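Heads up, the thing below is written out as structure tokens.
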Amino acid sequence: MIGGVHKINVGASLLAKAAGQTPQISNLPALPQSPYNRALFPEGTPLVADKRYSCIGLYNPKSPENVGSVMRAAGCYGVASVFYTGKRYERAADFVTDTKRVHYDIPLIGIDDLKKILPLNCVPVAVELVEGARPLPEYTHPDRALYIFGPEDGSLDKEIRDWCEDVVYIPTTGCMNLAATVNVVLYDRMAKGLNTRSGPKFR
């Protein structure tokens, strides 16, 4: 761990945390689609609980201030984990605005490719103002979602957007910074409550 950043290979324990399980891990098989999307739970334990959760993916974030604010939002809205790609952020040894020290409770994990950490039955959602994106106020959130945000000084790659199942945007008259965008998306999810794709079937 460097400054609270976990630079590790994502494994079954993280996916179990998101699903509300405590796994007994034996071998983690590497699948062609993703080496991280299946864990070996005790016999009879469902792989994914009937539980809503959300994760955040940050694509090549730039500043520790914004990442710190994202971590604080993650703590406020009950996010299971935060992933990031790129090397720019790793120069920061501390979270300047993570005043609650949320990184001690929520994993902040550096990875090479966001496509490799999608938990089972979790829907990747790109947040980007592009043609064809759906306005956030009209969006019904997945029960389990990985929200992916672009960098402060750029946009999400088309490859990532095409891989995501949904693309949404926030209909503002001006631009918001990364942390503000994350807060709005997470608040929208919370405010809509049980109005997710499976409704009250999930907790």
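Just remember, in the structure tokens the first chain shown is A, the second B, etc., residues are 1-based per chain, and ligands are 1-based in the order shown.
The shell of residues at most 9 Å from A:Tyr169, with only C-alpha atoms counted and near chain neighbours (fewer than 3 positions) removed, consists of A:Ala126, A:Val127, A:Glu128, A:Leu129, A:Val130, A:Ala133, A:Arg134, A:Pro135, A:Leu136, A:Thr172.
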_Polymer residues at most 8 Å from A:Asp143, only C-alpha atoms, same-chain spacing of 3 or more positions, as an MDAnalysis selection string_ = chainID A and resid 51:53 122 196:198 202
Stretch 55-95 of chain A: residues DSSP assigns to alpha helix (DSSP H), reported as a tab-separated table (two decimals) with C-alpha atoms, in the first residue's frame:
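Writing the result to out.tsv gives the following:
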chain	number	residue	atom	x	y	z
A	64	PRO	CA	-5.13	13.78	-5.83
A	65	GLU	CA	-7.63	16.48	-4.88
A	66	ASN	CA	-10.28	15.09	-7.19
A	67	VAL	CA	-9.57	11.47	-6.33
A	68	GLY	CA	-9.77	12.36	-2.65
A	69	SER	CA	-13.16	13.99	-3.23
A	70	VAL	CA	-14.31	10.93	-5.17
A	71	MET	CA	-13.31	8.73	-2.23
A	72	ARG	CA	-15.28	10.94	0.14
A	73	ALA	CA	-18.34	10.65	-2.14
A	74	ALA	CA	-17.84	6.89	-2.26
A	75	GLY	CA	-17.97	6.80	1.53
A	76	CYS	CA	-21.08	8.97	1.70
Skip A:Arg161 itself and residues of its chain fewer than 6 positions away, then list as a PDB file with N, CA and C atoms, in the first residue's frame all residues within 12 Å of it, counting only C-alpha atoms.
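File result.pdb, as written:
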ATOM      1  N   TYR A  59     -10.935   6.613 -15.096  1.00  0.00           N
ATOM      2  CA  TYR A  59     -10.044   6.389 -16.233  1.00  0.00           C
ATOM      3  C   TYR A  59      -8.946   7.455 -16.250  1.00  0.00           C
ATOM      4  N   LEU A 114      -9.843  -1.374 -16.980  1.00  0.00           N
ATOM      5  CA  LEU A 114     -11.122  -1.424 -16.266  1.00  0.00           C
ATOM      6  C   LEU A 114     -11.990  -2.592 -16.721  1.00  0.00           C
ATOM      7  N   LYS A 115     -11.761  -3.072 -17.928  1.00  0.00           N
ATOM      8  CA  LYS A 115     -12.581  -4.171 -18.438  1.00  0.00           C
ATOM      9  C   LYS A 115     -12.280  -5.489 -17.726  1.00  0.00           C
ATOM     10  N   PRO A 124     -21.519  -2.281 -16.658  1.00  0.00           N
ATOM     11  CA  PRO A 124     -20.639  -1.122 -16.824  1.00  0.00           C
ATOM     12  C   PRO A 124     -21.406   0.054 -17.428  1.00  0.00           C
ATOM     13  N   VAL A 125     -21.304   1.210 -16.795  1.00  0.00           N
ATOM     14  CA  VAL A 125     -22.020   2.415 -17.235  1.00  0.00           C
ATOM     15  C   VAL A 125     -21.008   3.539 -17.424  1.00  0.00           C
ATOM     16  N   ALA A 126     -20.854   4.010 -18.651  1.00  0.00           N
ATOM     17  CA  ALA A 126     -19.964   5.141 -18.926  1.00  0.00           C
ATOM     18  C   ALA A 126     -20.707   6.438 -18.662  1.00  0.00           C
ATOM     19  N   VAL A 127     -20.030   7.380 -18.039  1.00  0.00           N
ATOM     20  CA  VAL A 127     -20.611   8.704 -17.793  1.00  0.00           C
ATOM     21  C   VAL A 127     -19.846   9.686 -18.666  1.00  0.00           C
ATOM     22  N   GLU A 128     -20.485  10.097 -19.755  1.00  0.00           N
ATOM     23  CA  GLU A 128     -19.782  10.905 -20.754  1.00  0.00           C
ATOM     24  C   GLU A 128     -20.800  11.642 -21.616  1.00  0.00           C
ATOM     25  N   LEU A 129     -20.512  12.899 -21.938  1.00  0.00           N
ATOM     26  CA  LEU A 129     -21.387  13.688 -22.801  1.00  0.00           C
ATOM     27  C   LEU A 129     -21.010  13.419 -24.251  1.00  0.00           C
ATOM     28  N   VAL A 130     -21.683  12.446 -24.858  1.00  0.00           N
ATOM     29  CA  VAL A 130     -21.435  12.078 -26.250  1.00  0.00           C
ATOM     30  C   VAL A 130     -22.775  11.822 -26.932  1.00  0.00           C
ATOM     31  N   GLU A 131     -22.758  11.817 -28.244  1.00  0.00           N
ATOM     32  CA  GLU A 131     -23.970  11.552 -29.004  1.00  0.00           C
ATOM     33  C   GLU A 131     -24.490  10.156 -28.683  1.00  0.00           C
ATOM     34  N   GLY A 132     -25.773  10.073 -28.425  1.00  0.00           N
ATOM     35  CA  GLY A 132     -26.394   8.798 -28.112  1.00  0.00           C
ATOM     36  C   GLY A 132     -26.465   8.479 -26.632  1.00  0.00           C
ATOM     37  N   ALA A 133     -25.818   9.296 -25.794  1.00  0.00           N
ATOM     38  CA  ALA A 133     -25.880   9.063 -24.347  1.00  0.00           C
ATOM     39  C   ALA A 133     -27.273   9.403 -23.819  1.00  0.00           C
ATOM     40  N   TYR A 147     -19.748   2.394 -12.474  1.00  0.00           N
ATOM     41  CA  TYR A 147     -19.803   3.691 -13.150  1.00  0.00           C
ATOM     42  C   TYR A 147     -18.384   4.121 -13.515  1.00  0.00           C
ATOM     43  N   ILE A 148     -18.176   4.403 -14.799  1.00  0.00           N
ATOM     44  CA  ILE A 148     -16.839   4.729 -15.289  1.00  0.00           C
ATOM     45  C   ILE A 148     -16.798   6.193 -15.711  1.00  0.00           C
ATOM     46  N   PHE A 149     -15.831   6.918 -15.170  1.00  0.00           N
ATOM     47  CA  PHE A 149     -15.696   8.353 -15.408  1.00  0.00           C
ATOM     48  C   PHE A 149     -14.363   8.644 -16.090  1.00  0.00           C
ATOM     49  N   GLY A 150     -14.382   9.595 -17.023  1.00  0.00           N
ATOM     50  CA  GLY A 150     -13.171   9.998 -17.724  1.00  0.00           C
ATOM     51  C   GLY A 150     -12.310  10.926 -16.887  1.00  0.00           C
ATOM     52  N   SER A 155     -11.500  12.814 -22.182  1.00  0.00           N
ATOM     53  CA  SER A 155     -12.736  12.044 -22.304  1.00  0.00           C
ATOM     54  C   SER A 155     -12.430  10.554 -22.238  1.00  0.00           C
ATOM     55  N   VAL A 167     -24.464   4.335 -21.634  1.00  0.00           N
ATOM     56  CA  VAL A 167     -23.722   5.596 -21.574  1.00  0.00           C
ATOM     57  C   VAL A 167     -24.713   6.673 -21.159  1.00  0.00           C
ATOM     58  N   VAL A 168     -24.401   7.399 -20.094  1.00  0.00           N
ATOM     59  CA  VAL A 168     -25.298   8.437 -19.598  1.00  0.00           C
ATOM     60  C   VAL A 168     -24.548   9.760 -19.501  1.00  0.00           C
TER      61      VAL A 168
END
*In Å, with one decimal, what is the gap from atom CA of A:Tyr139 to atom CA of A:Asn183?*
15.8 Å
*Could you please determine the separation between atom CA of A:Ile117 and atom CA of A:Asn195 in Å, to one decimal place?*
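We find that atom CA of A:Ile117 and atom CA of A:Asn195 lie 25.7 Å from each other.
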*Separation of atom CA of A:Ser63 and atom CA of A:Lys116, in Å?*
23.6 Å
*Sel. of strand (DSSP E) residues, stretch 140-169 of chain A, as a list in words*: Arg144, Ala145, Leu146, Tyr147, Ile148, Phe149, Asp166, Val167, Val168 and Tyr169 of chain A
Please produce a file of the residues just selected, as a compact mmCIF listing (two decimals), in the first residue's frame, where the atoms kept are C-alpha atoms.
# COMPACT_ATOMS: atom_id res chain seq x y z
CA ARG A 144 -25.25 -3.62 -9.67
CA ALA A 145 -23.28 -1.00 -11.55
CA LEU A 146 -19.71 -0.03 -12.34
CA TYR A 147 -19.80 3.69 -13.15
CA ILE A 148 -16.84 4.73 -15.29
CA PHE A 149 -15.70 8.35 -15.41
CA ASP A 166 -25.01 2.06 -21.01
CA VAL A 167 -23.72 5.60 -21.57
CA VAL A 168 -25.30 8.44 -19.60
CA TYR A 169 -24.71 12.16 -19.29
